[in-house]
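Content type mmCIF, C-alpha atoms, from the file work20.cif:
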```cif
data_target
#
loop_
_atom_site.group_PDB
_atom_site.id
_atom_site.type_symbol
_atom_site.label_atom_id
_atom_site.label_comp_id
_atom_site.auth_asym_id
_atom_site.auth_seq_id
_atom_site.Cartn_x
_atom_site.Cartn_y
_atom_site.Cartn_z
ATOM 1 C CA PHE A 26 28.483 45.371 4.518
ATOM 2 C CA SER A 27 25.987 45.198 1.686
ATOM 3 C CA VAL A 28 27.222 45.106 -1.892
ATOM 4 C CA ASN A 29 25.522 48.495 -2.355
ATOM 5 C CA GLY A 30 26.341 49.694 1.169
ATOM 6 C CA PRO A 31 28.389 52.726 2.206
ATOM 7 C CA VAL A 32 31.611 50.772 2.816
ATOM 8 C CA ASN A 33 31.568 49.226 -0.649
ATOM 9 C CA LYS A 34 30.616 52.555 -2.228
ATOM 10 C CA ALA A 35 33.608 54.192 -0.538
ATOM 11 C CA LEU A 36 35.928 51.347 -1.579
ATOM 12 C CA ASN A 37 34.577 51.487 -5.129
ATOM 13 C CA SER A 38 35.030 55.244 -5.420
ATOM 14 C CA LEU A 39 38.537 55.186 -3.901
ATOM 15 C CA PHE A 40 40.019 51.972 -5.275
ATOM 16 C CA GLY A 41 37.517 50.671 -7.831
ATOM 17 C CA ILE A 42 36.833 47.436 -5.922
ATOM 18 C CA THR A 43 33.714 45.919 -4.406
ATOM 19 C CA ILE A 44 34.044 43.316 -1.646
ATOM 20 C CA PRO A 45 31.452 40.529 -1.328
ATOM 21 C CA TRP A 46 31.450 40.644 2.486
ATOM 22 C CA PHE A 47 29.063 37.768 3.238
ATOM 23 C CA THR A 48 28.799 35.961 -0.097
ATOM 24 C CA SER A 49 32.469 35.088 -0.543
ATOM 25 C CA PRO A 50 33.997 32.237 1.495
ATOM 26 C CA GLN A 51 37.223 34.246 1.777
ATOM 27 C CA TRP A 52 35.503 37.320 3.276
ATOM 28 C CA ALA A 53 32.570 35.863 5.233
ATOM 29 C CA MET A 54 34.453 34.818 8.395
ATOM 30 C CA PHE A 55 36.468 38.039 8.347
ATOM 31 C CA SER A 56 33.224 40.018 8.226
ATOM 32 C CA ILE A 57 31.742 38.024 11.111
ATOM 33 C CA ALA A 58 34.966 38.562 13.078
ATOM 34 C CA LEU A 59 34.735 42.322 12.536
ATOM 35 C CA ILE A 60 31.182 42.331 13.859
ATOM 36 C CA VAL A 61 32.096 40.285 16.935
ATOM 37 C CA ILE A 62 35.161 42.443 17.638
ATOM 38 C CA TRP A 63 33.018 45.571 17.381
ATOM 39 C CA LYS A 64 30.459 43.983 19.702
ATOM 40 C CA PHE A 65 32.922 43.083 22.469
ATOM 41 C CA ILE A 66 35.663 45.705 22.187
ATOM 42 C CA GLY A 67 33.882 47.880 24.738
ATOM 43 C CA TYR A 68 33.975 45.134 27.375
ATOM 44 C CA TYR A 69 37.627 44.399 26.765
ATOM 45 C CA GLY A 70 38.493 48.086 26.711
ATOM 46 C CA LEU A 71 36.709 48.592 30.014
ATOM 47 C CA ILE A 72 38.638 45.737 31.629
ATOM 48 C CA LEU A 73 41.951 47.142 30.371
ATOM 49 C CA TYR A 74 40.977 50.663 31.442
ATOM 50 C CA ALA A 75 40.169 49.408 34.944
ATOM 51 C CA GLY A 76 43.576 47.735 35.042
ATOM 52 C CA LEU A 77 45.272 50.956 33.937
ATOM 53 C CA THR A 78 43.509 53.090 36.530
ATOM 54 C CA ALA A 79 44.495 50.629 39.272
ATOM 55 C CA ILE A 80 48.201 51.281 38.665
ATOM 56 C CA PRO A 81 49.448 53.751 41.295
ATOM 57 C CA LYS A 82 50.719 57.053 39.896
ATOM 58 C CA SER A 83 53.509 57.041 42.478
ATOM 59 C CA LEU A 84 55.254 54.253 40.555
ATOM 60 C CA TYR A 85 55.460 56.435 37.459
ATOM 61 C CA GLU A 86 56.680 59.390 39.527
ATOM 62 C CA ALA A 87 59.387 57.256 41.128
ATOM 63 C CA ALA A 88 60.430 55.951 37.713
ATOM 64 C CA GLU A 89 60.689 59.515 36.393
ATOM 65 C CA LEU A 90 62.898 60.459 39.333
ATOM 66 C CA ASP A 91 65.118 57.491 38.493
ATOM 67 C CA GLY A 92 65.396 58.756 34.911
ATOM 68 C CA ALA A 93 63.212 56.158 33.195
ATOM 69 C CA GLY A 94 61.882 57.028 29.748
ATOM 70 C CA SER A 95 58.369 56.424 28.508
ATOM 71 C CA LEU A 96 59.226 53.073 26.889
ATOM 72 C CA THR A 97 60.949 51.888 30.053
ATOM 73 C CA LYS A 98 57.934 52.905 32.138
ATOM 74 C CA PHE A 99 55.620 51.094 29.747
ATOM 75 C CA PHE A 100 57.586 47.826 29.675
ATOM 76 C CA ARG A 101 58.679 47.853 33.345
ATOM 77 C CA ILE A 102 55.573 49.263 35.061
ATOM 78 C CA THR A 103 52.472 49.388 32.874
ATOM 79 C CA LEU A 104 52.707 46.059 31.068
ATOM 80 C CA PRO A 105 53.608 43.920 34.112
ATOM 81 C CA LEU A 106 50.889 45.508 36.249
ATOM 82 C CA LEU A 107 48.374 45.220 33.413
ATOM 83 C CA ASN A 108 49.156 41.513 33.007
ATOM 84 C CA PRO A 109 46.145 40.267 35.049
ATOM 85 C CA SER A 110 43.785 42.378 32.954
ATOM 86 C CA ILE A 111 45.375 41.152 29.723
ATOM 87 C CA ILE A 112 45.016 37.541 30.905
ATOM 88 C CA MET A 113 41.353 38.179 31.723
ATOM 89 C CA VAL A 114 40.703 39.648 28.274
ATOM 90 C CA LEU A 115 42.434 36.694 26.590
ATOM 91 C CA VAL A 116 40.451 34.160 28.632
ATOM 92 C CA LEU A 117 37.179 35.906 27.796
ATOM 93 C CA ALA A 118 38.121 36.156 24.107
ATOM 94 C CA ILE A 119 38.988 32.453 23.879
ATOM 95 C CA THR A 120 35.776 31.509 25.644
ATOM 96 C CA LEU A 121 33.839 33.729 23.256
ATOM 97 C CA ALA A 122 35.618 32.346 20.196
ATOM 98 C CA PHE A 123 34.627 28.786 21.024
ATOM 99 C CA GLY A 124 31.065 29.741 21.951
ATOM 100 C CA ILE A 125 30.150 32.080 19.107
ATOM 101 C CA PHE A 126 26.829 31.135 17.564
ATOM 102 C CA THR A 127 24.434 34.032 17.088
ATOM 103 C CA GLU A 128 26.274 36.184 14.556
ATOM 104 C CA PRO A 129 27.244 33.494 12.013
ATOM 105 C CA TYR A 130 23.912 31.707 12.355
ATOM 106 C CA MET A 131 21.778 34.807 11.925
ATOM 107 C CA ILE A 132 23.871 36.476 9.216
ATOM 108 C CA THR A 133 25.071 33.611 7.027
ATOM 109 C CA GLY A 134 23.539 30.431 8.460
ATOM 110 C CA GLY A 135 26.903 28.715 8.230
ATOM 111 C CA GLY A 136 28.110 30.774 5.367
ATOM 112 C CA PRO A 137 29.043 30.260 1.792
ATOM 113 C CA MET A 138 30.487 26.758 1.501
ATOM 114 C CA ARG A 139 30.368 26.327 5.319
ATOM 115 C CA SER A 140 33.067 28.978 5.774
ATOM 116 C CA THR A 141 31.407 30.518 8.850
ATOM 117 C CA LEU A 142 30.417 27.246 10.496
ATOM 118 C CA THR A 143 31.622 27.496 14.096
ATOM 119 C CA PRO A 144 31.916 24.592 16.554
ATOM 120 C CA MET A 145 28.875 25.866 18.481
ATOM 121 C CA MET A 146 26.807 26.105 15.280
ATOM 122 C CA HIS A 147 27.810 22.581 14.331
ATOM 123 C CA MET A 148 26.858 21.283 17.782
ATOM 124 C CA ILE A 149 23.451 22.966 17.779
ATOM 125 C CA THR A 150 22.560 21.899 14.245
ATOM 126 C CA THR A 151 23.705 18.355 15.029
ATOM 127 C CA ALA A 152 21.670 18.209 18.223
ATOM 128 C CA PHE A 153 18.434 19.850 17.082
ATOM 129 C CA GLN A 154 18.234 19.618 13.286
ATOM 130 C CA ARG A 155 19.876 16.248 12.739
ATOM 131 C CA MET A 156 18.483 14.916 16.044
ATOM 132 C CA ASP A 157 21.772 13.451 17.231
ATOM 133 C CA PRO A 158 22.256 14.849 20.753
ATOM 134 C CA THR A 159 24.867 12.288 21.798
ATOM 135 C CA TYR A 160 27.216 13.290 18.988
ATOM 136 C CA ALA A 161 26.620 16.967 19.796
ATOM 137 C CA ALA A 162 27.361 16.346 23.479
ATOM 138 C CA THR A 163 30.584 14.577 22.544
ATOM 139 C CA MET A 164 31.586 17.540 20.392
ATOM 140 C CA ALA A 165 30.779 19.870 23.293
ATOM 141 C CA VAL A 166 33.058 17.901 25.613
ATOM 142 C CA PHE A 167 35.918 18.006 23.103
ATOM 143 C CA VAL A 168 35.454 21.730 22.474
ATOM 144 C CA ALA A 169 35.423 22.341 26.238
ATOM 145 C CA ILE A 170 38.627 20.330 26.690
ATOM 146 C CA ILE A 171 40.360 22.229 23.877
ATOM 147 C CA SER A 172 39.121 25.565 25.233
ATOM 148 C CA PHE A 173 40.210 24.786 28.790
ATOM 149 C CA GLY A 174 43.563 23.563 27.480
ATOM 150 C CA MET A 175 44.189 26.783 25.588
ATOM 151 C CA ILE A 176 43.180 28.868 28.606
ATOM 152 C CA TRP A 177 45.443 26.787 30.864
ATOM 153 C CA VAL A 178 48.405 27.237 28.499
ATOM 154 C CA ILE A 179 47.849 30.997 28.311
ATOM 155 C CA ARG A 180 47.553 31.308 32.075
ATOM 156 C CA LYS A 181 50.662 29.202 32.716
ATOM 157 C CA THR A 182 52.811 30.997 30.158
ATOM 158 C CA MET A 183 51.695 34.569 30.778
ATOM 159 C CA GLU A 184 50.447 34.842 34.347
ATOM 160 C CA ARG A 185 52.967 36.227 36.800
ATOM 161 C CA GLU A 186 52.829 37.332 40.406
ATOM 162 C CA VAL A 187 53.072 41.108 40.633
ATOM 163 C CA ASP A 188 54.334 42.973 43.698
ATOM 164 C CA LEU A 189 53.852 46.705 44.162
ATOM 165 C CA VAL A 190 56.859 47.082 46.485
#
```
Step by step, read the file and then write its structure as structure tokens.
Amino acid sequence: FSVNGPVNKALNSLFGITIPWFTSPQWAMFSIALIVIWKFIGYYGLILYAGLTAIPKSLYEAAELDGAGSLTKFFRITLPLLNPSIIMVLVLAITLAFGIFTEPYMITGGGPMRSTLTPMMHMITTAFQRMDPTYAATMAVFVAIISFGMIWVIRKTMEREVDLV
């Protein structure tokens, strides 16, 4: 992600552009997001893989005997039975998004023009650098309420009871 790094050299040789990954307010949060996605994609992939392997093969065989195509099997068998795993990944991703601190703090320190300032970074700097723990605790309560609200909405709108009959 350096200006002289391999990604920018490839972009410069192919398209003639150089991207200021961490020095531009437009690109800084995108760059942090790429790093966090790369960091956690293995966990999410493992959860989804476990959900896929838990689906009985007999359901696919029965669907083939009934003449179902691959899209029908995906939307009628795989997706509904993978729903609990998808919900789990979404809940973990939302929790992570509200609690992200390490990457933006260590890489940009809040970023160019505060573009990578996350709620957790703001709470920690308010509590320990500005010495205002009550304001930071209030922010933490509001962030928790918003996070729980988003998780509740996702669970209520997407979660369904699945029967294997």
Exercise for the section: Carefully work through the PyMOL selection byres ((chain A and resi 123-137) around 10) for this structure and note down the residues it includes, as a ChimeraX atom specification. Expected result: /A:47-54,56-58,60-61,118-122,138-149,165,168-169,171-172
Problem - Test item: the PyMOL selection byres ((chain A and resi 180-189) around 7) resolved as a ChimeraX atom specification - result: /A:106,108-109,112,176-179,190
Practice task
Write out as a VMD selection string each polymer residue whose atoms come within 10 Å of Ile80 in chain A, counting all atoms listed in the file; drop sequence neighbours fewer than 5 positions from it.
Solution key: chain A and resid 75 85 102 to 103 106 to 107 189
Go ahead and dump the residues you just picked, C-alpha atoms, as a CSV table (one decimal), keeping the file's coordinate frame.
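File result_8.csv, as written:
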```
chain,number,residue,atom,x,y,z
A,75,ALA,CA,40.2,49.4,34.9
A,85,TYR,CA,55.5,56.4,37.5
A,102,ILE,CA,55.6,49.3,35.1
A,103,THR,CA,52.5,49.4,32.9
A,106,LEU,CA,50.9,45.5,36.2
A,107,LEU,CA,48.4,45.2,33.4
A,189,LEU,CA,53.9,46.7,44.2
```
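Interatomic distance, CA of Ile111 in chain A against CA of Val166 in chain A: 26.6 Å.
Nearest to Val114 in chain A of all the residues A:Ile62, A:Val28, A:Leu73, A:Leu96 is A:Leu73, based on only C-alpha atoms.
Take CA of Leu36 in chain A and CA of Leu59 in chain A: the distance between them is 16.8 Å.
Counting all atoms listed in the file and comparing A:Tyr68, A:Asn29, A:Arg101, A:Ile170, the residue that lies closest to Leu84 in chain A is A:Arg101.
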Practice task
For Gly30 in chain A, work out the shell of residues within 12 Å, counting only C-alpha atoms and skipping chain neighbours fewer than 5 positions away, then give it as a PyMOL selection string.
Solution key: chain A and resi 35-37+43-46
Exercise for the section: Find the distance between CA of Leu39 in chain A and CA of Phe26 in chain A and write it in Å to one decimal. Expected result: 16.4 Å
